[in-house]
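*Asks:* I'd like to ask some things about the structure below.
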Protein chains: 2
Amino acid sequence: MTKAADGGLRHRKKALMRQQLQQHALRLFLSQGYEATTVEMIATAAGVSHMTFFRYFPTKEDVVLADEYDPVLVARLAARPPTEPIWEKLRHAVLEGLAPLPAEAYAVLLQRTRLIFTVPALRARQWDQQHATEALILAALGYPTGERTAWVLVAAGLATLTTALSIWAEQDDVSALPNIINTAFDALLKGRLPYE
Amino acid sequence: MTKAADGGLRHRKKALMRQQLQQHALRLFLSQGYEATTVEMIATAAGVSHMTFFRYFPTKEDVVLADEYDPVLVARLAARPPTEPIWEKLRHAVLEGLAPLPAEAYAVLLQRTRLIFTVPALRARQWDQQHATEALILAALGYPTGERTAWVLVAAGLATLTTALSIWAEQDDVSALPNIINTAFDALLKGRLPYE
DNA sequence: CTCATTTTTGTTATTCACTAACATTTGTTA
DNA sequence: TAACAAATGTTAGTGAATAACAAAAATGAG
């Protein structure tokens with residue numbers, strides 16, 4: 001039987017290669033621009049052929065967009081008190097997921113976020129990914145897919161979150177993200193501009 | 001002086017060609033699928049070369065996504081009573097823009113909407129376009145770009161609208177759109193799931 | 001350790017979206 | 001009808017993505 005546990009050499013090499021590709025890609029994108037960097041260049045920088053690149057990432061975009069935050073968010077959401085309103089669940093789940101990150105991670109995340117919001121191809125794919133998470137979140141909250149009211153609320157909540165990210169990307173305080181998120185959700189809850 | 005008014009033969013031919021390209025594209029996409037249809041095929045069907053296609057539409061996606069609804073929406077938004085809350089302005093501006101459309105237009109719009117939500121490349125670009133309209137809407141409402149509270153509210157409102165479109169695309173009543181939009185905005189205004 | 005098996009990688013060729021340069025046709029104006 | 005401007009065709013090229021097959025590396029068994 002062929003069953004190399006997680007510690008197998010193969011597994012380690014794969015994880016390493018994936019990381020290498022991502023790091024070289026990000027470095028090249030930031031220094032020369034996204035379009036000016038070909039997949040060939042990234043692969044060569046990582047010491048492999050372009051085919052290997054595409055075996056790790058289905059598209060050039062995915063090398064930037066691949067992230068591991070969704071499962072964390074889902075777990076946190078499910079752990080929130082059931083009576084809490086959706087938007088509060090979302091707000092706090094995100095903040096809780098962000099809190100344990102080391103300061104350095106924020107800097108990288110900000111760089112990545114700026115890149116994504118700057119490059120049209122990345123931006124478009126990012127929106128699409130985000131809407132794909134809607135289904136995940138609805139499931140995590142225990143709503144059947146198709147529950148329209150909950151769907152609308154989750155979509156609005158996610159839009160708020162993205163707007164917060166967008167605002168974060170446009171200013172220079174790396175540590176401002178939690179505050180921005182809170183302000184954004186406060187605005188959503190008031191929701192009555194111009195009056196009141 | 002070269003000044004062929006709107007009625008010039010050139011203008012008419014250009015408008016016609018644009019329409020031809022869009023119609024053939026939509027027809028081919030619906031019958032054979034989006035990816036299975038090449039730009040070459042569309043161009044040939046319209047009796048031109050692929051270069052001409054790209055002179056009318058910058059990308060293959062744009063031949064589906066190009067629409068003329070944004071200016072209408074902006075005009076309606078600006079005409080709403082200033083004291084009305086943002087989400088109500090948005091809801092009614094959209095409904096007013098939709099009302100004068102002939103029944104046939106709805107059928108076409110539904111087809112197009114389904115295509116967009118089905119094809120990943122179109123979906124992604126659509127989200128991106130939508131977020132681009134945020135700026136337009138903010139301007140139409142008289143908020144300076146960067147007004148964060150209004151930004152959040154507009155983003156949430158647009159997300160609601162898109163969710164309504166998504167729901168519309170997944171059912172079979174062509175005439176249900178206004179009702180779905182109303183229900184979606186009602187949900188947004190309640191915004192307090194699970195309790196209250 | 002060695003050999004057969006499985007997984008991963010490289011090579012090569014191909015498709016398709018999209019761009020650039022230049023020649024050609026077609027509408028417009030005098 | 002001649003001169004000009006705008007739209008189109010032709011051709012060649014780049015780069016992302018896929019497919020098919022050959023080569024190399026890791027794994028497990030004996």
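Letters for chains follow the order of the structure tokens (A, B, ...), residue numbers begin at 1 for each chain, and ligand numbers begin at 1 in the order shown.
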Go through chain C and flag each residue having an atom no more than 10 Å from chain B; for those, report the closest pair of atoms plus their distance in Å to one decimal, using only C-alpha atoms (C1' of nucleotides), ordered by chain and rising number, as a Markdown table.

*Replies:*
| residue | atom | partner | partner_atom | distance |
| --- | --- | --- | --- | --- |
| C:DC16 | C1' | B:Thr38 | CA | 7.5 |
| C:DA17 | C1' | B:Lys60 | CA | 7.9 |
| C:DC18 | C1' | B:Thr59 | CA | 7.9 |
| C:DT19 | C1' | B:Met51 | CA | 9.8 |
| C:DT26 | C1' | B:Arg10 | CA | 9.5 |
| C:DG27 | C1' | B:Arg10 | CA | 6.5 |
| C:DT28 | C1' | B:Thr2 | CA | 7.2 |
| C:DT29 | C1' | B:Thr2 | CA | 7.0 |
| C:DA30 | C1' | B:Met1 | CA | 9.3 |

*Asks:* Take the residues that were just selected and, keeping C-alpha atoms (C1' of nucleotides), output them as a compact mmCIF listing (two decimals), in the first residue's frame.

*Replies:*
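What follows is the written file part-v6.txt:
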# COMPACT_ATOMS: atom_id res chain seq x y z
C1' DC C 16 -6.82 30.72 -28.17
C1' DA C 17 -7.09 35.58 -26.51
C1' DC C 18 -5.03 39.65 -27.52
C1' DT C 19 -1.56 43.26 -29.61
C1' DT C 26 -14.47 52.52 -47.85
C1' DG C 27 -16.91 56.76 -46.42
C1' DT C 28 -16.48 61.79 -46.38
C1' DT C 29 -15.50 66.47 -47.94
C1' DA C 30 -14.01 69.80 -51.11

*Asks:* Write out as JSON lines the residues of chain A that have any atom within 8 Å of an atom of chain B, one row each with the nearest atom pair and its distance in Å to one decimal, counting only C-alpha atoms, sorted by chain and then rising number.

*Replies:*
{"residue": "A:Pro82", "atom": "CA", "partner": "B:Pro194", "partner_atom": "CA", "distance": 7.9}
{"residue": "A:Thr83", "atom": "CA", "partner": "B:Pro194", "partner_atom": "CA", "distance": 6.2}
{"residue": "A:Glu84", "atom": "CA", "partner": "B:Pro194", "partner_atom": "CA", "distance": 7.0}
{"residue": "A:Pro85", "atom": "CA", "partner": "B:Leu193", "partner_atom": "CA", "distance": 5.0}
{"residue": "A:Ile86", "atom": "CA", "partner": "B:Leu193", "partner_atom": "CA", "distance": 5.9}
{"residue": "A:Trp87", "atom": "CA", "partner": "B:Arg192", "partner_atom": "CA", "distance": 7.9}
{"residue": "A:Pro120", "atom": "CA", "partner": "B:Asp128", "partner_atom": "CA", "distance": 8.0}
{"residue": "A:Arg123", "atom": "CA", "partner": "B:Asp128", "partner_atom": "CA", "distance": 6.8}
{"residue": "A:Ala124", "atom": "CA", "partner": "B:Ala124", "partner_atom": "CA", "distance": 4.7}
{"residue": "A:Arg125", "atom": "CA", "partner": "B:Ala124", "partner_atom": "CA", "distance": 5.4}
{"residue": "A:Gln126", "atom": "CA", "partner": "B:Ala124", "partner_atom": "CA", "distance": 7.8}
{"residue": "A:Trp127", "atom": "CA", "partner": "B:Trp127", "partner_atom": "CA", "distance": 5.9}
{"residue": "A:Asp128", "atom": "CA", "partner": "B:Ala124", "partner_atom": "CA", "distance": 5.0}
{"residue": "A:Arg148", "atom": "CA", "partner": "B:Ala184", "partner_atom": "CA", "distance": 7.6}
{"residue": "A:Thr149", "atom": "CA", "partner": "B:Ala187", "partner_atom": "CA", "distance": 5.4}
{"residue": "A:Ala150", "atom": "CA", "partner": "B:Leu193", "partner_atom": "CA", "distance": 7.2}
{"residue": "A:Trp151", "atom": "CA", "partner": "B:Thr163", "partner_atom": "CA", "distance": 7.5}
{"residue": "A:Val152", "atom": "CA", "partner": "B:Thr160", "partner_atom": "CA", "distance": 5.6}
{"residue": "A:Leu153", "atom": "CA", "partner": "B:Leu188", "partner_atom": "CA", "distance": 6.1}
{"residue": "A:Ala155", "atom": "CA", "partner": "B:Ala159", "partner_atom": "CA", "distance": 5.8}
{"residue": "A:Ala156", "atom": "CA", "partner": "B:Ala156", "partner_atom": "CA", "distance": 4.3}
{"residue": "A:Gly157", "atom": "CA", "partner": "B:Ala156", "partner_atom": "CA", "distance": 7.0}
{"residue": "A:Ala159", "atom": "CA", "partner": "B:Ala156", "partner_atom": "CA", "distance": 5.5}
{"residue": "A:Thr160", "atom": "CA", "partner": "B:Val152", "partner_atom": "CA", "distance": 5.6}
{"residue": "A:Thr163", "atom": "CA", "partner": "B:Val152", "partner_atom": "CA", "distance": 6.2}
{"residue": "A:Ala164", "atom": "CA", "partner": "B:Val152", "partner_atom": "CA", "distance": 7.9}
{"residue": "A:Ile167", "atom": "CA", "partner": "B:Arg148", "partner_atom": "CA", "distance": 7.9}
{"residue": "A:Ala184", "atom": "CA", "partner": "B:Val152", "partner_atom": "CA", "distance": 6.3}
{"residue": "A:Ala187", "atom": "CA", "partner": "B:Thr149", "partner_atom": "CA", "distance": 5.4}
{"residue": "A:Leu188", "atom": "CA", "partner": "B:Leu153", "partner_atom": "CA", "distance": 6.1}
{"residue": "A:Gly191", "atom": "CA", "partner": "B:Leu153", "partner_atom": "CA", "distance": 6.4}
{"residue": "A:Arg192", "atom": "CA", "partner": "B:Pro85", "partner_atom": "CA", "distance": 5.4}
{"residue": "A:Leu193", "atom": "CA", "partner": "B:Pro85", "partner_atom": "CA", "distance": 5.1}
{"residue": "A:Pro194", "atom": "CA", "partner": "B:Pro85", "partner_atom": "CA", "distance": 5.5}
{"residue": "A:Tyr195", "atom": "CA", "partner": "B:Thr83", "partner_atom": "CA", "distance": 6.4}

*Asks:* For the atom pair atom CA of Pro178 of chain A and atom CA of Leu98 of chain A, what is the interatomic distance in Å to one decimal place?

*Replies:*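 The value is 8.0 Å.
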
*Asks:* Please, which residues of chain D lie no more than 9 Å from chain A when the count uses only C-alpha atoms (C1' of nucleotides), and can they be set out as a ChimeraX atom specification?

*Replies:* /D:15-17,26-28

*Asks:* My list of candidates is B:Thr133, B:Thr118, B:Gln22, B:Ser31. Which is closest to Ala66 of chain B when distances are computed with only C-alpha atoms?

*Replies:*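 Counting only C-alpha atoms, the residue closest to Ala66 of chain B is B:Gln22.
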
*Asks:* So that I can check the surroundings of segment 12-15 of chain C, please list as a PDB file with N, CA, C and O atoms (P, O5', C5', C4', C3', O3' and C1' of nucleotides), in the first residue's frame every protein, DNA and RNA residue that reaches within 10 Å of it, counting only C-alpha atoms (C1' of nucleotides) and ignoring chain neighbours fewer than 6 positions away.

*Replies:*
ATOM      1  P    DA D  17      -3.592  31.342 -16.954  1.00  0.00           P
ATOM      2  O5'  DA D  17      -3.771  29.962 -17.724  1.00  0.00           O
ATOM      3  C5'  DA D  17      -4.966  29.776 -18.485  1.00  0.00           C
ATOM      4  C4'  DA D  17      -4.838  28.523 -19.307  1.00  0.00           C
ATOM      5  C3'  DA D  17      -4.614  27.234 -18.508  1.00  0.00           C
ATOM      6  O3'  DA D  17      -5.761  26.410 -18.616  1.00  0.00           O
ATOM      7  C1'  DA D  17      -3.319  27.311 -20.489  1.00  0.00           C
ATOM      8  P    DT D  18      -5.833  25.015 -17.885  1.00  0.00           P
ATOM      9  O5'  DT D  18      -5.666  23.974 -19.077  1.00  0.00           O
ATOM     10  C5'  DT D  18      -6.236  24.269 -20.337  1.00  0.00           C
ATOM     11  C4'  DT D  18      -5.901  23.139 -21.311  1.00  0.00           C
ATOM     12  C3'  DT D  18      -5.760  21.755 -20.672  1.00  0.00           C
ATOM     13  O3'  DT D  18      -6.506  20.832 -21.457  1.00  0.00           O
ATOM     14  C1'  DT D  18      -3.833  22.254 -21.931  1.00  0.00           C
ATOM     15  P    DA D  19      -6.640  19.286 -20.974  1.00  0.00           P
ATOM     16  O5'  DA D  19      -5.714  18.503 -22.003  1.00  0.00           O
ATOM     17  C5'  DA D  19      -5.729  18.882 -23.375  1.00  0.00           C
ATOM     18  C4'  DA D  19      -4.853  17.928 -24.162  1.00  0.00           C
ATOM     19  C3'  DA D  19      -4.719  16.534 -23.561  1.00  0.00           C
ATOM     20  O3'  DA D  19      -4.716  15.578 -24.616  1.00  0.00           O
ATOM     21  C1'  DA D  19      -2.583  17.539 -23.682  1.00  0.00           C
ATOM     22  P    DA D  20      -4.616  14.018 -24.256  1.00  0.00           P
ATOM     23  O5'  DA D  20      -3.123  13.660 -24.681  1.00  0.00           O
ATOM     24  C5'  DA D  20      -2.590  14.188 -25.901  1.00  0.00           C
ATOM     25  C4'  DA D  20      -1.235  13.551 -26.152  1.00  0.00           C
ATOM     26  C3'  DA D  20      -1.093  12.137 -25.588  1.00  0.00           C
ATOM     27  O3'  DA D  20      -0.287  11.351 -26.454  1.00  0.00           O
ATOM     28  C1'  DA D  20       0.472  13.575 -24.533  1.00  0.00           C
ATOM     29  P    DC D  21      -0.078   9.775 -26.112  1.00  0.00           P
ATOM     30  O5'  DC D  21       1.473   9.741 -25.722  1.00  0.00           O
ATOM     31  C5'  DC D  21       2.417  10.412 -26.563  1.00  0.00           C
ATOM     32  C4'  DC D  21       3.704  10.644 -25.806  1.00  0.00           C
ATOM     33  C3'  DC D  21       4.265   9.398 -25.093  1.00  0.00           C
ATOM     34  O3'  DC D  21       5.608   9.215 -25.486  1.00  0.00           O
ATOM     35  C1'  DC D  21       4.277  11.257 -23.660  1.00  0.00           C
TER      36       DC D  21
END
